[in-house]
Every structure is written in structure tokens, then in C-alpha cells.
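J.: Just dropping this structure here.
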Amino acid sequence: MNSGIITRDVPTASADDSPPVHTDPEGLTAILDNLDALVYVSTFDTYELLYMNAFGRNIWGSYEGRKCWSVLQNGDGPCSFCSNHLLLDHDGTPKPPHVWEFQNTVDQRWYQCRDQAIRWTDGRLVRMEIATDITDRKNMELALQAARKKAEATALKDDLTRINNRRAFFQFGQQLLHQAKRSQSPLAIIMFDLDHFKLINDGFGHEAGDAVLRHVGQLLRDKGRDSDIAARVGGEEFAILLPDADADHAIEMAHRFSSLFRESPIHYRDQEIRISASFGIALLEPQDSRLEKILSRADEAMYQSKNNGRDQIHLYPARKV
Ligand SMILES: Nc1nc2c(ncn2[C@@H]2O[C@H](COP(=O)(O)OP(=O)(O)OP(=O)(O)O)[C@@H](O)[C@H]2O)c(=O)[nH]1
């Protein structure tokens with residue numbers, strides 16, 4: 001059968017292991033069948049496969065009289081990612097090769113594909129693809145990407161409490177601040193500091209102190225809104241950024257956590273550790289462009305709660321709520 005790429009009568013290589021007998025003096029079939037890459041040719045209008053080399057036949061089977069989407073992708077129609085429309089100019093002139101990567105749905109391996117419109121032996125323009133197996137490189141790339149993502153996520157988490165660390169608070173918070181300003185929506189920050197934490201460390205031991213911090217982290221994770229950014233911003237100091245929250249909402253949230261802390265003692269080695277915290281709330285103001293400004297007002301309000309006797313909530317500038 002004439003493959004179309006070969007200009008003389010040449011037997012098509014079989015998918016079995018026996019080497020094909022090549023009669024074409026140019027040895028083109030032998031060259032194509034010895035390539036460690038898929039080469040195939042299909043028509044633009046009917047998607048019929050006109051040629052596929054031995055690499056392809058060994059993986060995807062026989063192709064004669066079949067469509068590329070059926071043989072190569074086991075599909076029941078043209079592939080959604082078909083690159084045919086990228087291979088010809090609007091006036092029908094072949095464009096330079098289109099190079100892309102994808103994972104084959106039949107053998108699940110990754111290929112780098114080089115697609116091009118070429119002139120077939122009967123004169124019409126057809127699609128040719130040369131696809132090289134890049135699975136090993138791709139897997140390494142994907143593993144590296146996953147490792148980098150994990151490292152980035154780890155760098156933004158506080159080891160002890162498993163909530164955001166200070167760096168993450170500023171990174172995510174600054175973005176939310178810009179968003180709030182753009183959409184002219186409110187935004188609030190609640191800051192709190194555990195009361196007499198040194199006494200917990202001194203009385204129950206540093207490990208008990210760690211257990212308390214973990215407990216607070218857990219409450220923040222479990223009881224906050226998904227859209228809020230809760231972070232440990234210091235030793236026993238925490239902050240919650242509340243997007244789209246006005247004073248009433250922030251006050252309600254602060255009261256909710258204040259009660260939760262008071263009402264959920266930590267059980268540590270048969271001992272019960274009771275905690276409370278002093279809270280400060282600050283709201284986004286029109287002149288704010290940096291998160292630090294709002295945080296420092298929340299910090300000021302928090303110190304009013306500390307100085308007034310602890311276990312209470314102040315809204316900046318000086319309102320006990
Ligand atoms: N267990 C533990 N303790 C910590 C950690 N980070 C900071 N601390 C302790 O937190 C304590 C903070 O003490 P202070 O700043 O005096 O505050 P406080 O005792 O909470 O008193 P007030 O804030 O005034 O109510 C210190 O003893 C620190 O050693 C931590 O990761 N684990």
C-alpha cells in the first residue's frame with residue numbers, strides 16, 4: 001500500500017515484531033519506522049488517517065480507513081484540543097509548525113507534538129504530526145512543580161498552629177485590602193493576644209503552652225469564615241482579617257471567639273487550662289493603602305483591652321464593645 005509519504009510502492013510495516021521488508025530504494029519507510037516517535041498524517045476535512053509509522057501502529061494498532069480521533073484518542077468525534085485550525089493561515093497557506101505538549105488519553109503518556117500542514121502526494125494539504133514521548137521529563141517537571149507548591153504552602157503556614165503565619169497574613173491581606181478599596185467594600189481586622197500566657201507556660205510547662213496555641217489555631221480554623229484570613233502574627237498574638245465586614249460584623253466575630261476561648265478549656269495531661277484573650281478591632285479607612293496601618297490600629301485597641309483589665313474587646317479608637 002502506498003503510504004503517501006513514500007513515493008514508490010512500499011509494503012506497510014506490520015505491528016508485530018518481524019522486521020518489514022523494505023523495497024523503497026530511498027529507505028524512507030525504514031527511517032520512519034525506526035523513529036522513536038509517532039509520525040502520522042491525516043486529512044483536514046475527514047480526519048482520515050493516511051499514514052502512521054511503526055511507533056504509532058505498535059501503540060495504537062492499525063489505522064487504515066480509520067479517523068485520527070478514533071485511533072489515537074479512542075474518541076467518538078474530533079478532539080476538543082485538535083490543532084488543525086492552527087496549521088493554516090486564513091488564506092490556506094501552511095503556517096510554521098505548531099509545537100505543544102499533551103497527555104494521550106489511550107496510553108496516558110505525555111507527548112511533545114509538532115504539527116504542520118504539508119503537501120500530500122496527491123497535491124492536497126494534510127496534517128502531519130510528529131510526537132515524541134516526553135513522559136519522564138514531564139513527570140519530573142510535575143513532581144518539581146508539586147514540591148515547589150508544597151514548599152510555598154509550608155513557608156506560609158505556622159508550624160505549631162497550622163494556620164497562616166505573619167508573612168502569609170501580609171501577603172494575602174494586602175491583596176484583599178486592594179480588592180476592598182477597588183470595590184469600595186468594608187474590611188476589618190481583629191487582633192487578640194492571650195492573657196497571662198506566661199503564667200500558663202510557667203505553671204503548666206512550655207509544652208502545655210504549645211497545646212494552648214494549637215487549640216486556638218484549631219478554633220480559628222474550625223469556627224472562622226472560609227473567606228477570612230486568620231494568622232498567628234506573634235508568639236501568643238493572632239489576627240483575623242475579615243473581608244467585606246463592617247464594625248458590627250467584626251464586633252460579633254470578636255465576641256464569638258472571646259466566648260469560645262472562655263468556654264473551651266484545654267485538657268492537658270489531666271489538667272484543665274482556662275484561657276481568655278484581649279481583643280482589638282480596626283476598620284479600613286479611606287486613607288489606608290497598607291495593611292500595617294490597620295493592624296497597628298487594631299494593636300492599639302487591643303492594648304486598651306489589656307490595660308483595662310484583659311478579657312475584653314475594644315474598637316479603635318477607644319470604644320469598649
Ligand atoms: N509555649 C509557648 N510559649 C510561647 C511561644 N511564643 C511565645 N511564648 C511565650 O508567651 C509569653 C508571653 O508573655 P508576655 O508577653 O509576658 O504576655 P502574657 O504573659 O500573655 O501577659 P499579657 O499579654 O500581658 O496578658 C512568654 O512567656 C513567651 O515565652 C510559643 O510558641 N510557645
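Every chain in the C-alpha cells has a letter given in the order shown (A, B, ...), and although residue numbers restart at 1 in each chain, ligands are simply numbered from 1 in the order shown.
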I'd like the neighbourhood of Ser259 (chain A) as a ChimeraX atom specification, where a residue qualifies if any of its atoms comes within 12 Å (using only C-alpha atoms), though same-chain residues fewer than 3 positions away should be ignored.
T.: /A:219,252-256,262-265,274-279,311-313
J.: Restricted to N, CA and C atoms, what would the selected residues look like written as a CSV table (one decimal), in the first residue's frame?
T.:
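Contents of part.csv, as written:
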chain,number,residue,atom,x,y,z
A,219,LEU,N,-9.5,26.3,66.8
A,219,LEU,CA,-10.7,27.1,66.9
A,219,LEU,C,-10.8,28.1,65.7
A,252,GLU,N,-19.2,41.2,66.4
A,252,GLU,CA,-19.8,40.0,66.6
A,252,GLU,C,-18.8,38.8,66.6
A,253,MET,N,-17.9,38.9,65.6
A,253,MET,CA,-16.9,37.8,65.5
A,253,MET,C,-16.0,37.8,66.7
A,254,ALA,N,-15.6,39.0,67.1
A,254,ALA,CA,-14.7,39.0,68.2
A,254,ALA,C,-15.3,38.5,69.5
A,255,HIS,N,-16.6,38.8,69.7
A,255,HIS,CA,-17.3,38.2,70.8
A,255,HIS,C,-17.5,36.7,70.7
A,256,ARG,N,-17.7,36.3,69.5
A,256,ARG,CA,-17.8,34.8,69.3
A,256,ARG,C,-16.5,34.1,69.8
A,262,ARG,N,-13.2,31.4,76.3
A,262,ARG,CA,-13.5,31.3,77.8
A,262,ARG,C,-14.2,29.9,78.1
A,263,GLU,N,-15.0,29.5,77.1
A,263,GLU,CA,-15.9,28.3,77.3
A,263,GLU,C,-15.3,27.0,76.9
A,264,SER,N,-14.1,27.1,76.3
A,264,SER,CA,-13.5,25.8,75.9
A,264,SER,C,-12.1,25.6,76.5
A,265,PRO,N,-12.0,25.2,77.8
A,265,PRO,CA,-10.7,25.0,78.4
A,265,PRO,C,-9.9,23.8,77.7
A,274,ARG,N,-7.6,27.1,81.6
A,274,ARG,CA,-8.6,28.0,81.1
A,274,ARG,C,-7.9,29.2,80.5
A,275,ILE,N,-8.4,29.7,79.4
A,275,ILE,CA,-7.8,30.8,78.7
A,275,ILE,C,-8.8,32.0,78.5
A,276,SER,N,-8.2,33.2,78.3
A,276,SER,CA,-9.0,34.3,77.8
A,276,SER,C,-8.1,35.1,76.9
A,277,ALA,N,-8.7,36.1,76.2
A,277,ALA,CA,-7.8,36.9,75.3
A,277,ALA,C,-8.3,38.3,75.3
A,278,SER,N,-7.4,39.2,75.0
A,278,SER,CA,-7.8,40.7,74.9
A,278,SER,C,-7.8,41.0,73.4
A,279,PHE,N,-8.9,41.6,73.0
A,279,PHE,CA,-9.2,41.9,71.6
A,279,PHE,C,-9.1,43.4,71.2
A,311,ASP,N,-9.3,40.3,78.9
A,311,ASP,CA,-10.6,39.6,78.5
A,311,ASP,C,-11.7,40.5,78.1
A,312,GLN,N,-11.4,41.4,77.2
A,312,GLN,CA,-12.4,42.3,76.7
A,312,GLN,C,-12.1,42.8,75.3
A,313,ILE,N,-13.0,43.6,74.7
A,313,ILE,CA,-12.8,43.9,73.3
A,313,ILE,C,-12.9,45.4,73.1
J.: Could you pull the residues within 10 Å of Ala180 (chain A), counting only C-alpha atoms, minus those fewer than 6 positions along the same chain, as a PyMOL selection string?
T.: chain A and resi 174+186-187+243-244+284
J.: When the cut-off is 6 Å and you count only C-alpha atoms and all ligand atoms, which residues lie near ligand 1, shown as a VMD selection string?
T.: chain A and resid 194 to 199 201 206 to 207 209 to 210 235 to 236
J.: Using only C-alpha atoms, please write the residues we just selected to a file, as a compact mmCIF listing (two decimals), in the first residue's frame.
T.:
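In the end it all went to out22.txt:
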# COMPACT_ATOMS: atom_id res chain seq x y z
CA LEU A 194 -3.86 35.52 75.01
CA ASP A 195 -3.99 36.78 78.59
CA HIS A 196 -1.28 35.91 81.10
CA PHE A 197 0.20 33.37 78.75
CA LYS A 198 3.50 33.48 80.58
CA LEU A 199 1.66 32.16 83.66
CA ASN A 201 3.96 28.42 80.45
CA HIS A 206 6.10 25.20 77.76
CA GLU A 207 4.55 22.15 76.10
CA GLY A 209 1.60 26.47 76.33
CA ASP A 210 2.13 24.96 72.88
CA GLY A 235 4.13 34.40 69.99
CA GLU A 236 0.63 34.38 71.51
J.: Quick one, how far is CA of Pro78 (chain A) from CA of Ser42 (chain A)?
T.: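 Separation between CA of Pro78 (chain A) and CA of Ser42 (chain A): 12.1 Å.
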J.: Pick out the residues sitting within 10 Å of Tyr316 (chain A), and hand them over as a list of chain:residue names; count only C-alpha atoms, and ignore anything fewer than 6 positions along from it in its own chain.
T.: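 With the cut-off at 10 Å, the set is A:Gly280, A:Ile281, A:Ala282, A:Leu283, A:Ile294, A:Arg297, A:Ala298, A:Asp299, A:Glu300, A:Ala301, A:Met302, A:Gln304.
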J.: Tell me which protein, DNA and RNA residues are within 10 Å of Tyr63 (chain A), counting only C-alpha atoms, leaving out same-chain ones fewer than 3 positions away, and put them as a ChimeraX atom specification.
T.: /A:40,48-53,56-57,60,66-68,70-72
J.: Which residue is closest to Asp122 (chain A)? Choose from A:Gln218, A:Asn84, A:Thr43, A:Thr105 and count only C-alpha atoms.
T.: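 For Asp122 (chain A), the nearest of the candidates is A:Thr43.
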J.: Can you check which residues of region 63-307 of chain A DSSP gives as strand (DSSP E) on the backbone and send them as number ranges by chain?
T.: A: 98-103, 110-119, 125-133, 164-165, 187-194, 229-232, 237-243, 266-268, 271-273, 277-283
J.: Which distance in Å separates CA of Ala147 (chain A) and CA of Phe238 (chain A), to one decimal?
T.: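 Straight-line distance from CA of Ala147 (chain A) to CA of Phe238 (chain A) works out to 28.5 Å.
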J.: I want to know what sits within 7 Å of Trp100 (chain A), based on only C-alpha atoms, with residues of the same chain fewer than 3 positions away left out; could you give that as a short mmCIF file (atom, residue, chain, number, x, y, z; two decimals) with N, CA and C atoms, in the first residue's frame?
T.:
data_model
loop_
_atom_site.label_atom_id
_atom_site.label_comp_id
_atom_site.auth_asym_id
_atom_site.auth_seq_id
_atom_site.Cartn_x
_atom_site.Cartn_y
_atom_site.Cartn_z
N GLN A 112 5.36 15.49 23.24
CA GLN A 112 5.55 16.81 22.65
C GLN A 112 5.20 16.67 21.17
N CYS A 113 4.23 17.41 20.70
CA CYS A 113 3.74 17.25 19.34
C CYS A 113 4.19 18.42 18.49
N ARG A 114 4.57 18.07 17.28
CA ARG A 114 4.97 19.08 16.31
C ARG A 114 4.05 18.90 15.11
#
J.: What's the separation between CA of Trp69 (chain A) and CA of Ala30 (chain A), in Å to one decimal place?
T.: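 The value is 25.7 Å.
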J.: Which residue out of A:Ala151, A:Met140, A:Leu125, A:Ala54 has the minimum interatomic distance to Leu87 (chain A) when only C-alpha atoms are used?
T.: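 Closest residue, counting only C-alpha atoms: A:Leu125.
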J.: Looking only at the backbone, which of the residues in region 47-237 of chain A does DSSP tag as helix (DSSP H, G or I), as a ChimeraX atom specification?
T.: /A:54-60,68-73,84-86,135-155,166-183,197-204,206-223
J.: Glu237 (chain A): which residues within 9 Å, counting only C-alpha atoms, same-chain residues fewer than 6 positions away excluded, as a VMD selection string?
T.: chain A and resid 191 to 194 231
J.: Near Asp36 (chain A), counting only C-alpha atoms, which residues have an atom at most 9 Å away, once you skip same-chain residues fewer than 4 positions from it, shown as a count of residues only?
T.: 4
